[in-house]
file input_22.cif (mmCIF, C-alpha atoms and all ligand atoms)
data_my_file
loop_
_atom_site.label_atom_id
_atom_site.label_comp_id
_atom_site.auth_asym_id
_atom_site.auth_seq_id
_atom_site.Cartn_x
_atom_site.Cartn_y
_atom_site.Cartn_z
CA MET A 143 95.82 137.63 110.46
CA GLY A 144 98.75 136.18 112.38
CA GLU A 145 101.07 133.48 111.04
CA LYS A 146 99.53 130.79 113.27
CA ALA A 147 95.96 131.66 112.23
CA ARG A 148 96.99 131.60 108.55
CA TYR A 149 98.54 128.17 109.03
CA GLN A 150 95.40 126.87 110.77
CA ALA A 151 93.20 128.33 108.01
CA SER A 152 95.28 126.59 105.33
CA LEU A 153 94.94 123.26 107.16
CA LEU A 154 91.19 123.78 107.42
CA ALA A 155 90.97 124.63 103.71
CA ALA A 156 92.91 121.47 102.79
CA TRP A 157 90.66 119.38 105.03
CA ALA A 158 87.51 120.96 103.51
CA GLN A 159 88.79 120.30 99.98
CA LEU A 160 89.41 116.68 100.86
CA GLN A 161 85.86 116.33 102.25
CA ILE A 162 84.37 117.91 99.12
CA LEU A 163 86.46 115.62 96.89
CA TYR A 164 85.32 112.64 98.96
CA CYS A 165 81.61 113.59 98.66
CA PHE A 166 81.84 114.22 94.92
CA ASN A 167 83.64 110.93 94.44
CA LEU A 168 81.02 109.00 96.38
CA ILE A 169 78.07 110.68 94.66
CA ALA A 170 79.69 110.15 91.24
CA TYR A 171 79.98 106.41 92.00
CA TYR A 172 76.36 106.34 93.12
CA PHE A 173 75.14 107.60 89.75
CA ARG A 174 77.68 105.59 87.75
CA ASN A 175 76.30 102.47 89.37
CA THR A 176 72.65 103.16 88.56
CA SER A 177 70.62 102.61 85.47
CA PRO A 178 67.17 104.14 84.87
CA VAL A 179 66.02 100.86 83.26
CA HIS A 180 66.90 98.90 86.41
CA PRO A 181 65.04 100.53 89.33
CA HIS A 182 66.74 98.12 91.79
CA SER A 183 70.09 99.58 90.88
CA PHE A 184 69.26 102.80 92.78
CA ARG A 185 68.64 100.85 95.98
CA LYS A 186 71.75 98.73 95.47
CA SER A 187 73.85 101.75 94.71
CA PHE A 188 72.55 103.50 97.82
CA ARG A 189 73.60 100.53 99.97
CA MET A 190 77.05 100.68 98.38
CA MET A 191 77.32 104.38 99.19
CA GLN A 192 76.19 103.77 102.77
CA VAL A 193 78.70 100.97 103.40
CA VAL A 194 81.59 102.91 101.84
CA HIS A 195 80.66 105.98 103.87
CA LYS A 196 80.46 104.01 107.13
CA VAL A 197 84.03 102.72 106.81
CA LYS A 198 85.41 106.24 106.36
CA GLY A 199 87.67 106.89 109.33
CA TYR A 200 88.64 103.20 109.52
CA THR A 201 90.65 102.92 106.33
CA ALA A 202 93.60 104.30 104.42
CA VAL A 203 92.00 103.15 101.16
CA PHE A 204 90.27 105.81 99.09
CA VAL A 205 86.80 105.63 97.53
CA PRO A 206 87.53 104.14 94.05
CA ARG A 207 89.26 101.08 95.53
CA LEU A 208 86.60 100.64 98.22
CA VAL A 209 83.93 100.74 95.53
CA ALA A 210 85.87 98.20 93.44
CA LEU A 211 86.16 95.88 96.44
CA TYR A 212 82.45 96.27 97.12
CA LYS A 213 81.58 95.38 93.52
CA LEU A 214 83.89 92.36 93.42
CA SER A 215 82.39 91.06 96.67
CA ASP A 216 78.91 91.57 95.24
CA GLU A 217 79.91 89.76 92.06
CA VAL A 218 81.36 86.64 93.70
CA ASN A 219 78.15 86.44 95.74
CA ARG A 220 75.98 86.85 92.64
CA LEU A 221 77.96 84.07 90.95
CA SER A 222 77.74 81.92 94.12
CA LEU A 223 81.47 81.42 93.94
CA PRO A 224 82.52 79.36 96.96
CA GLY A 225 85.17 80.50 99.41
CA ASP A 226 86.06 82.91 102.17
CA PHE A 227 87.31 86.47 101.99
CA VAL A 228 90.91 87.06 103.02
CA GLU A 229 92.59 90.37 103.72
CA CYS A 230 96.33 90.70 104.33
CA GLY A 231 96.98 94.21 105.64
CA VAL A 232 94.03 95.33 107.75
CA TYR A 233 95.07 98.53 109.60
CA ASN A 234 91.78 99.71 111.23
CA GLY A 235 89.52 97.33 109.32
CA GLY A 236 87.78 99.62 106.82
CA SER A 237 88.41 97.76 103.57
CA ALA A 238 87.91 94.41 105.32
CA ALA A 239 84.51 95.58 106.58
CA ILE A 240 83.44 96.26 102.98
CA MET A 241 84.03 92.60 102.08
CA ALA A 242 82.66 91.36 105.40
CA SER A 243 79.38 93.17 104.77
CA PHE A 244 78.69 90.42 102.20
CA CYS A 245 79.57 87.44 104.41
CA GLU A 246 76.00 86.75 105.51
CA LYS A 247 74.38 87.46 102.18
CA THR A 248 74.61 84.07 100.47
CA GLU A 249 74.40 80.39 101.25
CA PRO A 250 76.75 78.95 102.26
CA LYS A 251 77.78 81.96 104.28
CA ARG A 252 81.40 83.11 104.12
CA ASN A 253 84.04 83.77 106.73
CA ILE A 254 86.48 86.65 106.63
CA TRP A 255 90.13 86.20 107.59
CA LEU A 256 92.17 89.21 108.66
CA PHE A 257 95.97 89.12 108.83
CA ASP A 258 97.99 91.97 110.28
CA SER A 259 100.80 92.61 112.72
CA PHE A 260 98.78 95.52 114.19
CA GLU A 261 102.24 97.00 114.71
CA GLY A 262 102.46 98.88 111.43
CA LEU A 263 104.53 98.14 108.36
CA PRO A 264 107.68 96.06 108.81
CA LYS A 265 111.11 97.20 107.64
CA PRO A 266 111.13 97.41 103.84
CA THR A 267 113.85 95.82 101.72
CA GLU A 268 115.83 97.17 98.79
CA ALA A 269 113.16 95.94 96.37
CA ASP A 270 110.76 98.52 97.82
CA GLY A 271 112.83 101.48 96.65
CA TYR A 272 114.50 104.45 98.26
CA GLU A 273 111.18 106.11 99.26
CA ALA A 274 110.06 103.19 101.44
CA PRO A 275 112.26 103.30 104.60
CA PRO A 276 110.51 106.28 106.29
CA TYR A 277 107.26 104.28 106.19
CA GLU A 278 108.47 101.56 108.54
CA GLY A 279 105.93 101.39 111.41
CA TRP A 280 103.36 103.38 109.40
CA CYS A 281 99.70 102.25 109.38
CA HIS A 282 99.72 101.02 112.96
CA GLY A 283 96.27 99.43 113.15
CA ASP A 284 94.07 99.22 116.22
CA LEU A 285 92.22 95.96 116.89
CA GLU A 286 89.53 97.76 118.89
CA LYS A 287 88.73 99.94 115.88
CA VAL A 288 88.52 96.85 113.67
CA LYS A 289 86.01 95.31 116.07
CA ARG A 290 84.08 98.60 116.28
CA ILE A 291 83.57 98.97 112.51
CA PHE A 292 82.55 95.31 112.26
CA ARG A 293 79.96 95.89 115.00
CA LYS A 294 78.77 99.07 113.23
CA LEU A 295 78.07 96.98 110.13
CA SER A 296 76.42 94.23 112.21
CA ILE A 297 78.87 91.57 111.08
CA PRO A 298 78.55 88.52 113.36
CA GLU A 299 81.74 87.79 115.30
CA SER A 300 81.43 84.12 114.38
CA ARG A 301 82.25 85.00 110.74
CA VAL A 302 85.44 86.89 111.59
CA HIS A 303 88.91 85.38 112.15
CA ILE A 304 91.50 87.92 113.23
CA VAL A 305 95.06 86.58 113.02
CA LYS A 306 97.43 89.02 114.69
CA GLY A 307 101.17 88.80 114.03
CA TRP A 308 103.77 88.97 111.28
CA PHE A 309 102.79 87.06 108.14
CA GLN A 310 105.87 84.83 108.26
CA ASP A 311 104.80 83.64 111.74
CA THR A 312 101.01 83.45 111.32
CA PHE A 313 100.61 82.06 107.78
CA PRO A 314 102.01 78.61 108.64
CA THR A 315 99.40 78.29 111.42
CA VAL A 316 96.31 78.54 109.17
CA GLU A 317 94.68 76.62 106.35
CA ILE A 318 91.91 78.26 104.34
CA PRO A 319 90.78 75.68 101.78
CA GLN A 320 88.70 77.97 99.55
CA ILE A 321 89.08 81.70 98.96
CA ALA A 322 86.77 83.86 96.82
CA ILE A 323 88.66 87.15 97.17
CA LEU A 324 92.23 87.66 98.29
CA HIS A 325 92.80 91.33 99.12
CA ILE A 326 96.49 92.13 99.49
CA ASP A 327 97.15 95.54 101.00
CA ALA A 328 100.55 95.03 102.60
CA ASP A 329 102.71 97.45 100.58
CA TRP A 330 106.13 95.76 100.64
CA TYR A 331 107.78 93.21 98.37
CA GLU A 332 108.39 90.54 101.02
CA SER A 333 104.87 90.88 102.46
CA VAL A 334 103.09 90.70 99.08
CA LYS A 335 105.25 87.76 98.02
CA LEU A 336 104.36 85.83 101.19
CA CYS A 337 100.64 86.50 100.63
CA LEU A 338 100.66 85.26 97.04
CA GLU A 339 102.75 82.19 97.87
CA LYS A 340 100.53 81.24 100.79
CA PHE A 341 97.05 81.95 99.45
CA TYR A 342 96.99 82.08 95.63
CA ASP A 343 96.46 78.33 95.25
CA CYS A 344 93.40 78.47 97.53
CA VAL A 345 91.68 81.17 95.46
CA GLN A 346 88.87 79.55 93.51
CA PRO A 347 89.00 79.69 89.71
CA GLY A 348 87.00 82.79 88.82
CA GLY A 349 87.88 84.40 92.18
CA TYR A 350 89.79 87.64 92.52
CA ILE A 351 93.23 88.73 93.66
CA VAL A 352 93.24 92.43 94.53
CA LEU A 353 96.56 94.27 94.77
CA ASP A 354 96.06 97.59 96.50
CA ASP A 355 99.62 98.85 96.05
CA TYR A 356 100.56 97.62 92.58
CA GLY A 357 100.76 101.12 91.07
CA ASP A 358 102.13 102.89 94.11
CA TRP A 359 104.83 100.73 95.64
CA GLN A 360 107.43 99.17 93.37
CA GLY A 361 107.98 96.23 95.74
CA CYS A 362 104.34 95.17 95.41
CA LYS A 363 104.54 95.39 91.61
CA ILE A 364 107.79 93.38 91.49
CA ALA A 365 106.39 90.68 93.79
CA ALA A 366 103.16 90.36 91.78
CA ASP A 367 104.90 90.41 88.38
CA GLU A 368 107.44 87.81 89.53
CA PHE A 369 104.66 85.58 90.83
CA ILE A 370 102.57 85.85 87.65
CA LYS A 371 105.66 85.09 85.55
CA SER A 372 106.84 82.17 87.69
CA ARG A 373 103.40 80.53 87.38
CA ALA A 374 103.06 81.51 83.70
CA LEU A 375 99.59 82.89 84.55
CA ASP A 376 97.57 84.19 81.66
CA VAL A 377 95.84 87.01 83.52
CA LYS A 378 94.71 90.52 82.70
CA LEU A 379 95.46 93.14 85.32
CA ILE A 380 92.59 95.58 85.67
CA GLN A 381 93.38 99.06 86.91
CA VAL A 382 91.08 100.74 89.46
CA ASP A 383 92.95 103.98 90.14
CA TYR A 384 96.57 105.17 90.28
CA THR A 385 97.53 102.27 92.57
CA GLY A 386 94.79 99.63 92.81
CA PHE A 387 94.80 96.70 90.38
CA TYR A 388 93.13 93.30 90.40
CA PHE A 389 92.98 90.14 88.34
CA ARG A 390 90.73 87.14 88.06
CA LYS A 391 92.12 83.68 88.67
CA PRO A 392 91.91 81.75 85.38
CA LYS A 393 89.31 78.98 85.21
CA LYS A 394 91.73 76.26 84.02
C1 LIG A 401 98.21 100.12 104.06
S1 LIG A 401 97.89 99.28 105.52
C2 LIG A 401 96.37 98.40 105.19
C3 LIG A 401 95.23 99.32 104.95
C4 LIG A 401 93.85 98.69 105.15
N1 LIG A 401 93.53 97.69 104.17
C5 LIG A 401 92.78 99.75 105.22
O1 LIG A 401 91.60 99.47 104.91
O2 LIG A 401 93.10 100.89 105.61
C6 LIG A 401 99.08 97.99 105.47
C7 LIG A 401 98.99 97.03 106.63
O3 LIG A 401 99.79 95.89 106.33
C8 LIG A 401 100.33 95.37 107.52
N2 LIG A 401 101.51 94.55 107.15
C9 LIG A 401 102.36 94.76 106.10
N3 LIG A 401 103.28 93.78 106.04
C10 LIG A 401 103.00 92.92 107.05
C11 LIG A 401 103.59 91.69 107.49
N4 LIG A 401 104.66 91.17 106.89
N5 LIG A 401 103.02 91.07 108.55
C12 LIG A 401 101.94 91.59 109.18
N6 LIG A 401 101.33 92.75 108.81
C13 LIG A 401 101.86 93.41 107.75
C14 LIG A 401 100.64 96.61 108.36
O4 LIG A 401 100.62 96.34 109.73
C15 LIG A 401 99.51 97.57 107.94
O5 LIG A 401 98.45 97.57 108.89
#
call {"tool": "encode", "arguments": {"input": "input_22.cif", "output": "structure tokens", "more": "lines below"}}
Ligand SMILES: C[S@@+](CC[C@H](N)C(=O)[O-])C[C@H]1O[C@@H](n2cnc3c(N)ncnc32)[C@H](O)[C@@H]1O
result
Amino acid sequence: MGEKARYQASLLAAWAQLQILYCFNLIAYYFRNTSPVHPHSFRKSFRMMQVVHKVKGYTAVFVPRLVALYKLSDEVNRLSLPGDFVECGVYNGGSAAIMASFCEKTEPKRNIWLFDSFEGLPKPTEADGYEAPPYEGWCHGDLEKVKRIFRKLSIPESRVHIVKGWFQDTFPTVEIPQIAILHIDADWYESVKLCLEKFYDCVQPGGYIVLDDYGDWQGCKIAADEFIKSRALDVKLIQVDYTGFYFRKPKK
């Protein structure tokens, strides 16, 4: 076997391993989410698996965090918590579509707000660490793909507000009075800080703030820790996987 063929075979093997890992992960979550004493749980878990599978190819977020987002969206609906869904850091729309798949499920129905430059990550700052600079411009999202995955999940356009541009320019142009889930997936210190400063106060007590990069990017962790400290928030950060964390906004 020539050098080129060996290289291609190793790429194929890596790809196959990733697919197998993905399938195992998804099936494991299906069974973890079911209970033999609650027959409905099998149907609900199947829907979860279907939605997570459909967004594959439209997201940089891996299964455990997509499942967590699905469950949090389900929970705020079950509790009839008022408010919209907000995602800062959309890329190709996969994780947003998970939340949006719940927009029509309760009364009053929710809207979903999507904020992204659709030009990739901005320049990081020192707070993001020495590993960050090569990622400038990474995750260049495509608006057409966002629209496609939303259509695939039959999410009505009237529920979706796409706000294209840099956060510092777009945030001052919007007011979202009530938020049920704030999903922050914007990697860098300055971006995460802007998201928390703009939207935290609109999150309803009992609503969720999801930090996709808390464990992975130091800038996200610093921004979130600084914010929690500055507001003296008594919150418990819940870990989803190596990077995803979330917390519930206190009731008082
Ligand atoms: C990791 S990606 C988001 C992944 C996405 N949630 C998914 O499902 O794959 C991070 C996104 O944040 C956006 N972003 C980060 N900082 C931003 C800023 N200050 N203004 C606008 N967009 C920003 C980037 O354009 C990029 O699309």
call {"tool": "closest_atom_pairs", "arguments": {"input": "input_22.cif", "of": "stretch 191-278 of chain A", "to": "stretch 310-328 of chain A", "cutoff": "6 Å", "atoms": "only C-alpha atoms", "output": "Markdown table"}}
result
| residue | atom | partner | partner_atom | distance |
| --- | --- | --- | --- | --- |
| A:Gly225 | CA | A:Ile321 | CA | 4.1 |
| A:Asp226 | CA | A:Ile321 | CA | 4.6 |
| A:Phe227 | CA | A:Ile323 | CA | 5.1 |
| A:Val228 | CA | A:Leu324 | CA | 4.9 |
| A:Glu229 | CA | A:His325 | CA | 4.7 |
| A:Cys230 | CA | A:Ile326 | CA | 5.0 |
| A:Gly231 | CA | A:Ala328 | CA | 4.8 |
call {"tool": "write_last_selection", "arguments": {"input": "input_22.cif", "atoms": "C-alpha atoms", "output": "compact mmCIF listing (two decimals), keeping the file's coordinate frame"}}
result
# COMPACT_ATOMS: atom_id res chain seq x y z
CA GLY A 225 85.17 80.50 99.41
CA ASP A 226 86.06 82.91 102.17
CA PHE A 227 87.31 86.47 101.99
CA VAL A 228 90.91 87.06 103.02
CA GLU A 229 92.59 90.37 103.72
CA CYS A 230 96.33 90.70 104.33
CA GLY A 231 96.98 94.21 105.64
call {"tool": "closest_residue", "arguments": {"input": "input_22.cif", "among": "A:Tyr272, A:Tyr384, A:Tyr200, A:Tyr356", "to": "ligand LIG 401 (chain A)", "atoms": "only C-alpha atoms and all ligand atoms"}}
result
A:Tyr200
call {"tool": "axis_aligned_box", "arguments": {"input": "input_22.cif", "around": "ligand LIG 401 (chain A)", "padding_each_side": "3 Å", "output": "lines of an AutoDock Vina configuration file"}}
result
center_x = 98.1
center_y = 96.0
center_z = 106.9
size_x = 19.1
size_y = 15.8
size_z = 11.7
call {"tool": "residues_around", "arguments": {"input": "input_22.cif", "residues": "stretch 255-261 of chain A", "least_positions_apart": "2", "cutoff": "9 Å", "atoms": "only C-alpha atoms", "output": "ChimeraX atom specification"}}
result
/A:226-235,238,253,263-264,279-285,301-309,312-313,318,328
call {"tool": "closest_residue", "arguments": {"input": "input_22.cif", "among": "A:Val382, A:Val218, A:Val352, A:Ala155", "to": "ligand LIG 401 (chain A)", "atoms": "only C-alpha atoms and all ligand atoms"}}
result
A:Val352
call {"tool": "closest_residue", "arguments": {"input": "input_22.cif", "among": "A:Tyr277, A:Trp330, A:Tyr171, A:Trp359", "to": "ligand LIG 401 (chain A)", "atoms": "all atoms listed in the file"}}
result
A:Trp330
call {"tool": "atom_distance", "arguments": {"input": "input_22.cif", "atom1": "atom CA of A:Leu163", "atom2": "atom CA of A:Cys362"}}
result
27.2 Å
call {"tool": "closest_residue", "arguments": {"input": "input_22.cif", "among": "A:Glu268, A:Asp329, A:Glu217, A:Glu299", "to": "ligand LIG 401 (chain A)", "atoms": "all atoms listed in the file"}}
result
A:Asp329
call {"tool": "closest_residue", "arguments": {"input": "input_22.cif", "among": "A:Pro347, A:Gly262, A:Gly144, A:Gly271", "to": "ligand LIG 401 (chain A)", "atoms": "only C-alpha atoms and all ligand atoms"}}
result
A:Gly262
call {"tool": "closest_residue", "arguments": {"input": "input_22.cif", "among": "A:Leu221, A:Ala202, A:Val288, A:Leu208", "to": "ligand LIG 401 (chain A)", "atoms": "all atoms listed in the file"}}
result
A:Ala202
call {"tool": "atom_distance", "arguments": {"input": "input_22.cif", "atom1": "atom CA of A:Asp358", "atom2": "atom CA of A:Phe387"}}
result
10.3 Å
call {"tool": "atom_distance", "arguments": {"input": "input_22.cif", "atom1": "atom CA of A:Ser333", "atom2": "atom CA of A:Lys196"}}
result
28.1 Å
call {"tool": "residues_around", "arguments": {"input": "input_22.cif", "residues": "A:Pro266", "least_positions_apart": "4", "cutoff": "8 Å", "atoms": "all atoms listed in the file", "output": "PyMOL selection string"}}
result
chain A and resi 270+274-275+278+330-332
call {"tool": "residues_around", "arguments": {"input": "input_22.cif", "residues": "A:Val205", "least_positions_apart": "4", "cutoff": "9 Å", "atoms": "only C-alpha atoms", "output": "PyMOL selection string"}}
result
chain A and resi 164+167-168+171+194-195+198+209-210
call {"tool": "residues_around", "arguments": {"input": "input_22.cif", "residues": "A:Ser222", "least_positions_apart": "4", "cutoff": "12 Å", "atoms": "only C-alpha atoms", "output": "PDB file with C-alpha atoms, in the coordinates of the input"}}
result
ATOM      1  CA  SER A 215      82.390  91.060  96.670  1.00  0.00           C
ATOM      2  CA  ASP A 216      78.910  91.570  95.240  1.00  0.00           C
ATOM      3  CA  GLU A 217      79.910  89.760  92.060  1.00  0.00           C
ATOM      4  CA  VAL A 218      81.360  86.640  93.700  1.00  0.00           C
ATOM      5  CA  ASP A 226      86.060  82.910 102.170  1.00  0.00           C
ATOM      6  CA  PHE A 244      78.690  90.420 102.200  1.00  0.00           C
ATOM      7  CA  CYS A 245      79.570  87.440 104.410  1.00  0.00           C
ATOM      8  CA  LYS A 247      74.380  87.460 102.180  1.00  0.00           C
ATOM      9  CA  THR A 248      74.610  84.070 100.470  1.00  0.00           C
ATOM     10  CA  GLU A 249      74.400  80.390 101.250  1.00  0.00           C
ATOM     11  CA  PRO A 250      76.750  78.950 102.260  1.00  0.00           C
ATOM     12  CA  LYS A 251      77.780  81.960 104.280  1.00  0.00           C
ATOM     13  CA  ARG A 252      81.400  83.110 104.120  1.00  0.00           C
ATOM     14  CA  ALA A 322      86.770  83.860  96.820  1.00  0.00           C
ATOM     15  CA  GLN A 346      88.870  79.550  93.510  1.00  0.00           C
ATOM     16  CA  GLY A 348      87.000  82.790  88.820  1.00  0.00           C
ATOM     17  CA  GLY A 349      87.880  84.400  92.180  1.00  0.00           C
TER      18      GLY A 349
END
